[in-house]
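Structure file upload-v5.cif; described as mmCIF, C-alpha atoms.
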```cif
data_upload
loop_
_atom_site.label_atom_id
_atom_site.label_comp_id
_atom_site.auth_asym_id
_atom_site.auth_seq_id
_atom_site.Cartn_x
_atom_site.Cartn_y
_atom_site.Cartn_z
CA MET E 1 9.58 -164.18 5.74
CA GLU E 2 10.64 -162.45 8.97
CA LEU E 3 9.15 -158.94 9.10
CA LYS E 4 10.00 -158.07 12.72
CA ASP E 5 12.09 -154.90 13.13
CA LYS E 6 12.10 -154.17 9.39
CA THR E 7 11.03 -150.66 8.39
CA PHE E 8 7.98 -150.64 6.11
CA LEU E 9 6.66 -147.67 4.18
CA VAL E 10 2.91 -148.15 3.72
CA VAL E 11 1.57 -145.92 0.95
CA GLY E 12 -2.11 -144.97 1.11
CA THR E 13 -4.47 -144.45 4.05
CA GLY E 14 -7.53 -146.15 2.52
CA ILE E 15 -8.91 -149.56 3.38
CA SER E 16 -5.90 -151.49 1.97
CA GLY E 17 -3.28 -149.27 3.57
CA ILE E 18 -4.90 -149.38 7.00
CA ALA E 19 -5.25 -153.18 6.84
CA ALA E 20 -1.57 -153.47 5.88
CA VAL E 21 -0.55 -151.30 8.85
CA LYS E 22 -2.52 -153.51 11.26
CA LEU E 23 -0.92 -156.67 9.86
CA LEU E 24 2.60 -155.24 9.97
CA ALA E 25 2.07 -154.06 13.56
CA GLU E 26 1.11 -157.61 14.54
CA LYS E 27 4.32 -158.82 12.91
CA GLY E 28 6.46 -156.36 14.90
CA ALA E 29 7.55 -154.18 11.99
CA GLU E 30 8.42 -150.49 12.21
CA ILE E 31 5.78 -148.61 10.21
CA ILE E 32 5.86 -145.33 8.33
CA LEU E 33 2.44 -144.49 6.88
CA PHE E 34 2.50 -142.09 3.93
CA ASP E 35 -0.20 -140.37 1.89
CA SER E 36 0.46 -137.69 -0.72
CA ASN E 37 -2.79 -135.93 0.23
CA ALA E 38 -1.54 -133.18 2.56
CA LYS E 39 -5.11 -132.21 3.50
CA LEU E 40 -5.74 -135.41 5.48
CA GLU E 41 -6.00 -135.14 9.27
CA TYR E 42 -3.75 -137.16 11.58
CA ASP E 43 -6.53 -137.69 14.12
CA GLU E 44 -8.92 -139.02 11.47
CA ILE E 45 -6.34 -141.54 10.27
CA LYS E 46 -5.49 -142.56 13.84
CA LYS E 47 -9.16 -143.35 14.51
CA LYS E 48 -8.97 -146.10 11.86
CA LEU E 49 -6.24 -147.94 13.80
CA PRO E 50 -6.24 -149.80 17.15
CA GLU E 51 -5.43 -147.66 20.17
CA GLY E 52 -1.75 -147.74 21.06
CA LEU E 53 -0.53 -148.90 17.64
CA MET E 54 2.84 -147.27 16.96
CA PHE E 55 3.46 -145.67 13.57
CA SER E 56 4.87 -142.54 11.96
CA LEU E 57 2.69 -140.52 9.59
CA ILE E 58 3.86 -138.40 6.66
CA LEU E 59 1.44 -136.40 4.53
CA GLY E 60 2.24 -134.50 1.33
CA GLU E 61 5.86 -134.96 0.22
CA LEU E 62 8.07 -137.95 1.08
CA PRO E 63 11.48 -136.70 2.30
CA ASP E 64 14.63 -138.37 0.94
CA GLN E 65 15.92 -139.11 4.43
CA VAL E 66 12.80 -141.18 5.12
CA MET E 67 13.25 -143.18 1.94
CA GLU E 68 16.80 -144.00 3.03
CA ARG E 69 15.40 -145.77 6.14
CA VAL E 70 12.88 -147.95 4.27
CA ASP E 71 13.48 -151.69 3.87
CA ILE E 72 10.24 -152.55 2.04
CA ALA E 73 7.35 -150.49 0.64
CA VAL E 74 3.73 -151.65 0.54
CA ILE E 75 1.60 -149.61 -1.84
CA SER E 76 -2.18 -149.57 -2.09
CA PRO E 77 -3.79 -150.66 -5.39
CA GLY E 78 -4.83 -147.10 -6.22
CA VAL E 79 -1.18 -145.92 -6.29
CA PRO E 80 0.26 -146.10 -9.83
CA VAL E 81 3.65 -147.83 -10.00
CA ASP E 82 4.98 -145.18 -12.39
CA LEU E 83 4.70 -142.32 -9.87
CA PRO E 84 8.15 -140.69 -9.43
CA PHE E 85 8.60 -141.66 -5.77
CA VAL E 86 7.65 -145.31 -6.53
CA VAL E 87 10.11 -145.41 -9.44
CA GLU E 88 12.78 -143.91 -7.18
CA MET E 89 12.22 -146.63 -4.57
CA GLN E 90 12.62 -149.28 -7.26
CA GLU E 91 15.83 -147.58 -8.45
CA ARG E 92 17.08 -147.74 -4.84
CA ASN E 93 16.32 -151.51 -4.89
CA ILE E 94 13.63 -151.12 -2.24
CA PRO E 95 11.15 -153.99 -2.79
CA VAL E 96 7.72 -152.58 -3.69
CA TRP E 97 4.92 -154.90 -2.62
CA GLY E 98 1.18 -154.65 -2.88
CA GLU E 99 -1.39 -155.82 -0.36
CA ILE E 100 -1.71 -159.19 -2.12
CA GLU E 101 2.02 -159.93 -1.80
CA LEU E 102 2.17 -158.96 1.89
CA ALA E 103 -0.91 -161.02 2.78
CA TYR E 104 0.28 -164.05 0.80
CA LEU E 105 3.63 -164.08 2.61
CA CYS E 106 1.91 -163.81 6.01
CA GLY E 107 -1.04 -166.13 5.38
CA LYS E 108 -1.27 -169.94 5.42
CA GLY E 109 -3.22 -172.65 3.62
CA ARG E 110 -4.28 -173.10 0.00
CA VAL E 111 -4.76 -170.05 -2.26
CA PHE E 112 -6.95 -169.68 -5.37
CA ALA E 113 -6.89 -166.45 -7.38
CA ILE E 114 -9.31 -164.96 -9.91
CA THR E 115 -8.77 -162.02 -12.22
CA GLY E 116 -10.22 -160.69 -15.48
CA THR E 117 -11.74 -157.49 -16.79
CA ASN E 118 -15.29 -158.56 -15.94
CA GLY E 119 -16.97 -161.17 -13.79
CA LYS E 120 -14.31 -161.32 -11.04
CA THR E 121 -16.61 -160.55 -8.14
CA THR E 122 -19.38 -162.95 -9.18
CA THR E 123 -16.90 -165.75 -9.86
CA THR E 124 -14.98 -165.14 -6.63
CA ALA E 125 -18.18 -165.06 -4.55
CA LEU E 126 -19.51 -168.26 -6.16
CA THR E 127 -16.16 -170.04 -5.81
CA GLY E 128 -16.14 -169.11 -2.13
CA GLU E 129 -19.69 -170.43 -1.65
CA ILE E 130 -18.77 -173.72 -3.33
CA PHE E 131 -15.71 -174.13 -1.09
CA LYS E 132 -17.84 -173.43 2.00
CA THR E 133 -19.99 -176.46 1.25
CA TYR E 134 -16.93 -178.70 1.71
CA TYR E 135 -14.25 -176.91 3.75
CA ASP E 136 -14.57 -175.47 7.27
CA SER E 137 -12.11 -172.57 6.98
CA VAL E 138 -12.75 -170.46 3.86
CA PHE E 139 -11.72 -166.84 3.26
CA VAL E 140 -13.01 -164.74 0.35
CA VAL E 141 -10.79 -161.66 0.05
CA GLY E 142 -9.10 -159.10 -2.17
CA ASN E 143 -10.66 -156.77 -4.70
CA ILE E 144 -14.10 -158.06 -3.67
CA GLY E 145 -13.94 -155.47 -0.86
CA LEU E 146 -12.35 -157.46 1.99
CA PRO E 147 -8.60 -156.72 2.29
CA TYR E 148 -6.51 -159.89 2.11
CA THR E 149 -4.18 -158.39 4.74
CA GLU E 150 -7.05 -158.07 7.21
CA TYR E 151 -7.55 -161.84 7.39
CA ALA E 152 -4.05 -163.23 6.70
CA LEU E 153 -3.21 -163.93 10.34
CA GLU E 154 -6.48 -165.85 10.86
CA MET E 155 -5.55 -168.36 8.16
CA ALA E 156 -4.36 -171.85 9.14
CA GLU E 157 -2.74 -174.69 7.22
CA ASP E 158 -6.16 -176.16 6.44
CA SER E 159 -7.64 -172.83 5.28
CA VAL E 160 -8.80 -172.16 1.73
CA THR E 161 -8.46 -168.59 0.44
CA VAL E 162 -10.22 -167.31 -2.68
CA ALA E 163 -8.75 -163.98 -3.76
CA GLU E 164 -10.20 -161.60 -6.33
CA VAL E 165 -7.18 -159.78 -7.74
CA SER E 166 -7.20 -156.73 -9.97
CA SER E 167 -4.63 -155.66 -12.55
CA PHE E 168 -3.54 -152.91 -10.13
CA GLN E 169 -2.84 -155.50 -7.42
CA LEU E 170 -1.04 -157.83 -9.82
CA GLU E 171 1.50 -155.14 -10.77
CA THR E 172 3.16 -155.53 -7.37
CA ILE E 173 3.45 -159.29 -6.79
CA HIS E 174 6.78 -161.08 -6.40
CA LYS E 175 6.26 -164.55 -4.88
CA PHE E 176 2.44 -164.72 -4.93
CA CYS E 177 1.56 -168.14 -6.34
CA PRO E 178 -1.99 -169.57 -6.23
CA GLU E 179 -2.66 -173.30 -6.48
CA VAL E 180 -5.24 -172.54 -9.20
CA SER E 181 -5.48 -169.21 -11.02
CA ALA E 182 -8.16 -168.00 -13.42
CA ILE E 183 -8.27 -165.21 -16.00
CA LEU E 184 -11.90 -164.82 -17.01
CA ASN E 185 -11.51 -162.41 -19.94
CA ILE E 186 -9.52 -159.39 -21.08
CA THR E 187 -11.09 -156.37 -22.77
CA PRO E 188 -9.85 -152.75 -22.86
CA ASP E 189 -10.07 -151.13 -19.42
CA HIS E 190 -7.99 -148.94 -17.08
CA LEU E 191 -5.93 -147.65 -20.00
CA ASN E 192 -5.59 -144.34 -18.15
CA ARG E 193 -3.50 -146.34 -15.64
CA HIS E 194 -1.82 -149.04 -17.78
CA HIS E 195 -1.51 -146.81 -20.90
CA THR E 196 -1.38 -149.71 -23.41
CA MET E 197 -3.29 -152.97 -23.87
CA GLN E 198 0.02 -154.85 -23.81
CA CYS E 199 0.77 -153.55 -20.30
CA TYR E 200 -2.79 -154.34 -19.18
CA VAL E 201 -2.62 -157.91 -20.54
CA GLU E 202 0.79 -158.44 -18.93
CA ALA E 203 -0.58 -157.30 -15.56
CA LYS E 204 -3.46 -159.79 -15.79
CA ALA E 205 -1.09 -162.60 -16.82
CA ASN E 206 0.94 -161.99 -13.65
CA VAL E 207 -1.66 -164.02 -11.73
CA ALA E 208 -0.03 -167.16 -13.16
CA ARG E 209 3.54 -165.86 -13.37
CA ASN E 210 4.92 -167.92 -10.47
CA GLN E 211 2.89 -171.07 -11.09
CA THR E 212 4.42 -174.35 -12.24
CA LYS E 213 3.26 -177.05 -14.65
CA ASN E 214 1.84 -178.96 -11.67
CA GLN E 215 -0.63 -176.12 -11.03
CA ILE E 216 -3.68 -175.01 -13.00
CA CYS E 217 -4.55 -171.79 -14.83
CA VAL E 218 -8.18 -171.58 -15.97
CA LEU E 219 -8.67 -169.53 -19.16
CA ASN E 220 -11.58 -168.46 -21.39
CA TYR E 221 -11.36 -170.20 -24.77
CA GLU E 222 -13.51 -167.47 -26.37
CA ASP E 223 -11.09 -164.65 -25.48
CA SER E 224 -8.61 -163.68 -28.20
CA TYR E 225 -6.10 -162.10 -25.79
CA LEU E 226 -6.03 -165.27 -23.67
CA GLN E 227 -5.61 -167.45 -26.75
CA LYS E 228 -2.49 -165.41 -27.58
CA ILE E 229 -0.86 -165.58 -24.16
CA ALA E 230 -1.81 -169.18 -23.27
CA LYS E 231 1.45 -170.56 -24.68
CA ASP E 232 3.43 -168.37 -22.26
CA ILE E 233 1.48 -169.42 -19.16
CA PRO E 234 3.79 -171.65 -17.06
CA ALA E 235 0.87 -173.54 -15.46
CA ASP E 236 -1.24 -176.33 -16.98
CA VAL E 237 -3.96 -174.43 -18.91
CA PHE E 238 -7.54 -175.64 -18.44
CA TRP E 239 -10.02 -173.95 -20.79
CA PHE E 240 -13.69 -173.08 -20.37
CA SER E 241 -15.90 -172.24 -23.35
CA SER E 242 -19.40 -170.92 -23.99
CA GLY E 243 -19.12 -171.57 -27.73
CA HIS E 244 -17.03 -174.67 -28.38
CA ILE E 245 -16.97 -178.32 -27.33
CA LEU E 246 -13.52 -179.06 -25.91
CA GLU E 247 -11.50 -182.26 -25.77
CA ARG E 248 -10.38 -181.27 -22.25
CA GLY E 249 -11.98 -178.45 -20.30
CA ILE E 250 -15.45 -177.26 -19.36
CA TRP E 251 -18.05 -176.12 -21.86
CA MET E 252 -21.72 -175.49 -22.63
CA GLU E 253 -23.50 -178.12 -24.68
CA GLY E 254 -26.97 -176.74 -25.32
CA GLU E 255 -28.21 -175.86 -21.83
CA GLN E 256 -25.87 -178.34 -20.10
CA ILE E 257 -22.45 -177.58 -18.60
CA ILE E 258 -20.02 -180.45 -19.20
CA TYR E 259 -16.67 -180.94 -17.45
CA CYS E 260 -13.96 -183.21 -18.79
CA ASP E 261 -10.47 -183.70 -17.44
CA THR E 262 -10.01 -187.45 -17.62
CA GLU E 263 -13.72 -188.30 -17.90
CA ARG E 264 -16.83 -186.48 -19.14
CA ILE E 265 -19.03 -185.29 -16.22
CA PRO E 266 -22.35 -183.41 -16.70
CA ILE E 267 -22.42 -180.75 -13.96
CA CYS E 268 -25.72 -178.86 -14.25
CA SER E 269 -28.15 -177.07 -16.54
CA ILE E 270 -28.21 -173.30 -16.93
CA ARG E 271 -31.90 -173.62 -15.99
CA ASP E 272 -30.74 -174.61 -12.49
CA MET E 273 -29.12 -171.18 -11.97
CA LYS E 274 -30.50 -167.90 -10.67
CA LEU E 275 -27.94 -165.96 -12.75
CA LEU E 276 -28.74 -164.30 -16.10
CA GLY E 277 -26.69 -164.13 -19.28
CA LYS E 278 -23.94 -165.97 -21.14
CA HIS E 279 -21.25 -164.05 -19.28
CA ASN E 280 -22.58 -165.48 -16.01
CA TYR E 281 -22.56 -169.00 -17.45
CA GLU E 282 -18.87 -168.42 -18.18
CA ASN E 283 -18.35 -167.23 -14.60
CA VAL E 284 -20.01 -170.39 -13.32
CA MET E 285 -17.83 -172.59 -15.54
CA ALA E 286 -14.69 -170.91 -14.23
CA ALA E 287 -15.82 -171.45 -10.62
CA ILE E 288 -16.55 -175.12 -11.38
CA ALA E 289 -13.13 -175.60 -12.98
CA ILE E 290 -11.37 -174.07 -9.96
CA THR E 291 -13.26 -176.07 -7.36
CA MET E 292 -13.15 -179.36 -9.26
CA HIS E 293 -9.35 -179.07 -9.41
CA ALA E 294 -9.37 -178.30 -5.68
CA GLY E 295 -11.10 -181.60 -4.98
CA VAL E 296 -14.63 -180.43 -4.12
CA PRO E 297 -17.21 -183.19 -4.82
CA VAL E 298 -19.59 -182.60 -7.73
CA ASP E 299 -22.68 -182.79 -5.50
CA CYS E 300 -21.38 -179.90 -3.38
CA ILE E 301 -20.68 -177.85 -6.50
CA ARG E 302 -24.17 -178.47 -7.91
CA ARG E 303 -25.84 -177.50 -4.65
CA ALA E 304 -23.92 -174.23 -4.32
CA ILE E 305 -24.63 -173.22 -7.93
CA LYS E 306 -28.38 -173.79 -7.53
CA GLU E 307 -28.50 -171.69 -4.35
CA PHE E 308 -26.26 -168.83 -5.51
CA ASN E 309 -27.81 -165.40 -6.14
CA ALA E 310 -26.33 -162.57 -8.20
CA VAL E 311 -23.97 -160.35 -6.22
CA GLU E 312 -25.08 -156.84 -5.32
CA HIS E 313 -24.62 -154.24 -8.09
CA ARG E 314 -24.19 -156.86 -10.86
CA ILE E 315 -27.42 -157.06 -12.89
CA GLU E 316 -29.17 -157.04 -9.54
CA TYR E 317 -32.96 -157.09 -9.69
CA VAL E 318 -34.25 -154.13 -7.64
CA GLU E 319 -38.00 -153.68 -8.00
CA GLU E 320 -40.97 -153.74 -10.36
CA ILE E 321 -42.98 -150.51 -10.45
CA ASN E 322 -45.97 -150.03 -12.74
CA GLY E 323 -44.92 -153.07 -14.73
CA VAL E 324 -41.34 -151.78 -15.24
CA LYS E 325 -38.45 -153.86 -13.85
CA TYR E 326 -35.40 -152.00 -12.52
CA TYR E 327 -31.89 -153.54 -12.51
CA ASN E 328 -28.76 -152.29 -10.76
CA ASP E 329 -25.57 -153.01 -12.70
CA SER E 330 -23.44 -150.30 -11.10
CA LYS E 331 -20.47 -152.69 -11.24
CA GLY E 332 -20.61 -152.44 -15.03
CA THR E 333 -17.69 -149.99 -14.97
CA ASN E 334 -16.45 -150.53 -18.52
CA PRO E 335 -18.10 -150.92 -21.95
CA ASP E 336 -17.62 -154.69 -22.16
CA ALA E 337 -19.37 -155.25 -18.81
CA ALA E 338 -22.18 -152.96 -19.93
CA ILE E 339 -22.55 -154.91 -23.19
CA LYS E 340 -23.02 -158.11 -21.22
CA ALA E 341 -25.69 -156.46 -19.08
CA VAL E 342 -27.60 -155.31 -22.18
CA GLU E 343 -27.34 -158.82 -23.65
CA ALA E 344 -28.83 -160.27 -20.44
CA MET E 345 -31.95 -158.08 -20.67
CA GLU E 346 -35.01 -159.80 -22.13
CA ALA E 347 -37.36 -156.77 -22.34
CA PRO E 348 -37.20 -153.42 -24.17
CA THR E 349 -34.71 -151.46 -22.06
CA ILE E 350 -33.92 -147.90 -21.00
CA VAL E 351 -30.20 -147.73 -20.10
CA ILE E 352 -28.67 -145.25 -17.65
CA GLY E 353 -24.96 -144.76 -18.39
CA GLY E 354 -22.01 -142.43 -18.04
CA GLY E 355 -19.49 -141.57 -15.34
CA TYR E 356 -15.77 -141.15 -14.74
CA ASP E 357 -13.66 -141.01 -17.90
CA LYS E 358 -11.21 -143.94 -18.20
CA LYS E 359 -10.53 -143.11 -21.87
CA SER E 360 -12.64 -146.02 -23.11
CA SER E 361 -14.29 -146.35 -26.50
CA TYR E 362 -18.10 -146.65 -26.37
CA ASP E 363 -18.76 -147.61 -30.00
CA GLU E 364 -19.15 -151.36 -29.39
CA TRP E 365 -21.43 -150.71 -26.41
CA ILE E 366 -23.75 -148.56 -28.53
CA ALA E 367 -23.62 -151.14 -31.33
CA SER E 368 -24.82 -153.82 -28.89
CA PHE E 369 -28.11 -151.96 -28.30
CA GLY E 370 -29.73 -153.27 -31.48
CA ASP E 371 -33.52 -153.10 -31.20
CA LYS E 372 -33.43 -153.85 -27.46
CA VAL E 373 -32.44 -150.43 -26.06
CA LYS E 374 -35.19 -147.82 -26.47
CA CYS E 375 -33.48 -144.89 -24.79
CA LEU E 376 -30.09 -143.95 -23.33
CA VAL E 377 -30.01 -141.59 -20.32
CA LEU E 378 -26.54 -140.18 -19.60
CA ILE E 379 -24.84 -138.59 -16.60
CA GLY E 380 -21.31 -137.73 -15.49
CA GLU E 381 -18.03 -136.72 -17.13
CA THR E 382 -18.51 -138.92 -20.17
CA LYS E 383 -22.08 -138.03 -21.09
CA TYR E 384 -21.13 -135.84 -24.05
CA THR E 385 -18.51 -138.33 -25.30
CA ILE E 386 -21.04 -141.16 -25.18
CA LYS E 387 -23.73 -138.97 -26.78
CA ASP E 388 -21.36 -138.29 -29.69
CA ALA E 389 -20.66 -142.04 -30.06
CA ALA E 390 -24.40 -142.75 -30.09
CA GLU E 391 -25.07 -140.13 -32.74
CA ARG E 392 -22.27 -141.51 -34.94
CA ALA E 393 -23.93 -144.92 -34.70
CA GLY E 394 -27.34 -143.50 -35.61
CA PHE E 395 -28.82 -143.94 -32.12
CA SER E 396 -30.70 -140.70 -31.51
CA ASN E 397 -32.86 -141.26 -28.43
CA VAL E 398 -30.32 -139.89 -25.94
CA ILE E 399 -31.27 -137.77 -22.92
CA LEU E 400 -28.75 -135.95 -20.72
CA ALA E 401 -29.45 -135.74 -16.98
CA GLU E 402 -27.79 -133.65 -14.27
CA ASN E 403 -27.45 -136.43 -11.73
CA LEU E 404 -28.42 -140.02 -10.97
CA GLU E 405 -31.67 -139.12 -9.26
CA GLY E 406 -32.75 -137.13 -12.30
CA ALA E 407 -31.70 -140.00 -14.57
CA VAL E 408 -33.88 -142.47 -12.65
CA GLN E 409 -36.85 -140.11 -12.86
CA THR E 410 -36.28 -139.55 -16.58
CA ALA E 411 -36.00 -143.30 -17.23
CA SER E 412 -39.23 -143.95 -15.33
CA VAL E 413 -41.04 -141.46 -17.58
CA GLN E 414 -39.62 -143.07 -20.73
CA ALA E 415 -40.54 -146.61 -19.63
CA VAL E 416 -43.91 -148.31 -20.11
CA SER E 417 -45.26 -151.52 -18.62
CA GLY E 418 -43.20 -154.47 -19.84
CA ASP E 419 -39.97 -152.45 -20.15
CA ALA E 420 -36.78 -152.65 -18.07
CA VAL E 421 -34.63 -149.84 -16.70
CA LEU E 422 -30.96 -150.79 -16.40
CA LEU E 423 -28.25 -148.82 -14.62
CA SER E 424 -25.12 -150.04 -16.40
CA PRO E 425 -22.80 -147.04 -16.66
CA ALA E 426 -19.91 -148.45 -18.78
CA CYS E 427 -17.78 -146.09 -16.69
CA ALA E 428 -16.24 -145.89 -13.24
CA SER E 429 -18.03 -143.93 -10.53
CA TRP E 430 -15.35 -141.60 -9.21
CA ASP E 431 -16.57 -138.41 -10.88
CA MET E 432 -19.77 -138.26 -8.80
CA PHE E 433 -19.53 -141.04 -6.18
CA LYS E 434 -17.01 -142.57 -3.79
CA SER E 435 -17.45 -146.01 -5.35
CA TYR E 436 -19.65 -148.10 -7.62
CA GLU E 437 -21.23 -149.47 -4.42
CA GLU E 438 -22.38 -146.00 -3.39
CA ARG E 439 -23.71 -145.37 -6.91
CA GLY E 440 -25.63 -148.66 -6.85
CA ARG E 441 -27.10 -148.08 -3.39
CA LEU E 442 -28.28 -144.59 -4.36
CA PHE E 443 -29.81 -145.95 -7.57
CA LYS E 444 -31.84 -148.41 -5.51
CA GLU E 445 -32.93 -145.64 -3.12
CA TYR E 446 -34.11 -143.49 -6.03
CA VAL E 447 -35.97 -146.46 -7.56
CA TYR E 448 -37.75 -147.25 -4.27
CA ALA E 449 -38.69 -143.56 -4.00
CA LEU E 450 -40.62 -143.84 -7.28
CA LYS E 451 -43.24 -145.91 -5.46
#
```

Could the structure of this file be written out as structure tokens, please?
Amino acid sequence: MELKDKTFLVVGTGISGIAAVKLLAEKGAEIILFDSNAKLEYDEIKKKLPEGLMFSLILGELPDQVMERVDIAVISPGVPVDLPFVVEMQERNIPVWGEIELAYLCGKGRVFAITGTNGKTTTTALTGEIFKTYYDSVFVVGNIGLPYTEYALEMAEDSVTVAEVSSFQLETIHKFCPEVSAILNITPDHLNRHHTMQCYVEAKANVARNQTKNQICVLNYEDSYLQKIAKDIPADVFWFSSGHILERGIWMEGEQIIYCDTERIPICSIRDMKLLGKHNYENVMAAIAITMHAGVPVDCIRRAIKEFNAVEHRIEYVEEINGVKYYNDSKGTNPDAAIKAVEAMEAPTIVIGGGYDKKSSYDEWIASFGDKVKCLVLIGETKYTIKDAAERAGFSNVILAENLEGAVQTASVQAVSGDAVLLSPACASWDMFKSYEERGRLFKEYVYALK
């Protein structure tokens, strides 16, 4: 699509918005950059952009006369699509794109997309590593922390792009169409943004919306939401399963992972992996399904799986101090992710949880503790809500801490040799930290300080 001389309104001055501005400038578009935060400084925003890049900046309110000039809007993932000015643009028939749509239209090559409530980052990273064993030009972008728009112009016809896409990003696609898509799982999350589970499920399903029967959508056979929507997926559905043997798909048979499309192929044993937990075995199966359909040889896939380490902040081993092992699962930002982290622990565990309130229910998380979790240390906005849920479930060993540093110190006192301490908050980080990455890095600093 020709973008030159069109007027774009880029909404948001964070990492996605700035990357979109740079891409649009390269394409010769006229750019209006808007952020509703009136307290931002023009000079600070300008420092993020190349010297000499031409753009207009509006902070605070968006005037009507500006909206009348706009041909296309590009909104950052953190901007809800039901905000009044976004709704007004849609009513004016101004196309509202997200970063994913803009990058897809500007990029080249083959595209593979991964979404799901949990496991996206691990699966995307592993899929990228598998592709790198076979293809020369591989880009791993999106919600994984590397804006798709930042790399779109570097992509060539022989490039392979693996994109981690969130429900927020999938709300604003129009033509985005991956060769293979994957939805890993769907559990309640971000209901403060999507309001209902139906809206959340529909957003996730958008990853396959523009696919055809000649393309592949990889789905989790164990997920009830995906079982319900599979019939409406326009692509050829290819299942993976951690609990069933499939006629066609990829599954676990004992400790072996078996792939079968037209013939049965043993891929690897879970003992060959450095990853922990059933949820990670599912992530690996999804990555295998994607890359097998992309034509990567089995030997390359096996080699990449054996060499792959857990991504930072996802059940990441930190240190052993006085016989106690510390794990950083700061990316466990919802109860289902935190359940999977607890299930992956093999020792008696002290859990550190709590954070920004996304209106989640914590009952199933508490119920997953069983005899494994000895103590729950809570911080953040949700600490009293989670404490109440624990008490209702009969789990009484709950300690409230003022901050993460205090929580780490408290957990170290509660732990004895042979125990594990797990940061797995079941909540987002935005009440006390800029991101889950910052929370995870600080956790590791506080753990190292215990020595």

So which residues get picked by the PyMOL selection byres ((chain E and resi 225) around 8) here, written as a PyMOL selection string?
chain E and resi 185-186+201+223-224+226-229

Explicit residues for the PyMOL selection byres ((chain E and resi 130) around 12) (as a VMD selection string):
chain E and resid 123 to 129 131 to 136 138 to 140 160 162 284 286 to 292 294 to 308

So what does the PyMOL selection byres ((chain E and resi 40-42) around 12) actually pick up in this one, as a ChimeraX atom specification?
/E:12-14,33-39,43-49,55-60

In terms of the shortest atom-to-atom distance over all atoms listed in the file, which of E:Ala163, E:Leu53, E:Cys260, E:Val413 is closest to Thr121 (chain E)?
E:Ala163

My list of candidates is E:Gly323, E:Gly98, E:Gly109, E:Gly354. Which is closest to Lys451 (chain E) when distances are computed with only C-alpha atoms?
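Ranking E:Gly323, E:Gly98, E:Gly109, E:Gly354 by distance to Lys451 (chain E), first place goes to E:Gly323.
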
Within 6 Å of (-30.1, -137.9, -18.3), all atoms listed in the file: residues as a list of chain:residue names?
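Those residues lying close to the given coordinates are E:Val377, E:Leu378, E:Ile379, E:Ile399, E:Leu400, E:Ala401, E:Ala407.
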
Can you spit out the residues from that selection as a PDB file, in the coordinates of the input, using C-alpha atoms?
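As a result, selection33.pdb now contains:
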```
ATOM      1  CA  VAL E 377     -30.010-141.590 -20.320  1.00  0.00           C
ATOM      2  CA  LEU E 378     -26.540-140.180 -19.600  1.00  0.00           C
ATOM      3  CA  ILE E 379     -24.840-138.590 -16.600  1.00  0.00           C
ATOM      4  CA  ILE E 399     -31.270-137.770 -22.920  1.00  0.00           C
ATOM      5  CA  LEU E 400     -28.750-135.950 -20.720  1.00  0.00           C
ATOM      6  CA  ALA E 401     -29.450-135.740 -16.980  1.00  0.00           C
ATOM      7  CA  ALA E 407     -31.700-140.000 -14.570  1.00  0.00           C
TER       8      ALA E 407
END
```

Please measure the separation of CA of Gly107 (chain E) and CA of Arg209 (chain E), giving the value in Å to one decimal.
19.3 Å

With all atoms listed in the file counted, which protein, DNA or RNA residues have an atom no more than 12 Å from (-0.3, -171.9, -19.9) in the file frame? Please answer as a tab-separated table (two decimals) with C-alpha atoms, in the frame of the given file.
```
chain	number	residue	atom	x	y	z
E	180	VAL	CA	-5.24	-172.54	-9.20
E	181	SER	CA	-5.48	-169.21	-11.02
E	182	ALA	CA	-8.16	-168.00	-13.42
E	183	ILE	CA	-8.27	-165.21	-16.00
E	205	ALA	CA	-1.09	-162.60	-16.82
E	206	ASN	CA	0.94	-161.99	-13.65
E	207	VAL	CA	-1.66	-164.02	-11.73
E	208	ALA	CA	-0.03	-167.16	-13.16
E	209	ARG	CA	3.54	-165.86	-13.37
E	210	ASN	CA	4.92	-167.92	-10.47
E	211	GLN	CA	2.89	-171.07	-11.09
E	212	THR	CA	4.42	-174.35	-12.24
E	213	LYS	CA	3.26	-177.05	-14.65
E	214	ASN	CA	1.84	-178.96	-11.67
E	215	GLN	CA	-0.63	-176.12	-11.03
E	216	ILE	CA	-3.68	-175.01	-13.00
E	217	CYS	CA	-4.55	-171.79	-14.83
E	218	VAL	CA	-8.18	-171.58	-15.97
E	219	LEU	CA	-8.67	-169.53	-19.16
E	220	ASN	CA	-11.58	-168.46	-21.39
E	226	LEU	CA	-6.03	-165.27	-23.67
E	227	GLN	CA	-5.61	-167.45	-26.75
E	228	LYS	CA	-2.49	-165.41	-27.58
E	229	ILE	CA	-0.86	-165.58	-24.16
E	230	ALA	CA	-1.81	-169.18	-23.27
E	231	LYS	CA	1.45	-170.56	-24.68
E	232	ASP	CA	3.43	-168.37	-22.26
E	233	ILE	CA	1.48	-169.42	-19.16
E	234	PRO	CA	3.79	-171.65	-17.06
E	235	ALA	CA	0.87	-173.54	-15.46
E	236	ASP	CA	-1.24	-176.33	-16.98
E	237	VAL	CA	-3.96	-174.43	-18.91
E	238	PHE	CA	-7.54	-175.64	-18.44
E	239	TRP	CA	-10.02	-173.95	-20.79
```

Point-to-point distance from CA of Ser137 (chain E) to CA of Asp158 (chain E), Å rounded to tenths:
7.0 Å

I'd like to know which of E:Ser368, E:Thr117, E:Ser412, E:Ser396 is closest to Thr333 (chain E), using only C-alpha atoms.
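When distances to Thr333 (chain E) are compared using only C-alpha atoms, the smallest one comes from E:Thr117.
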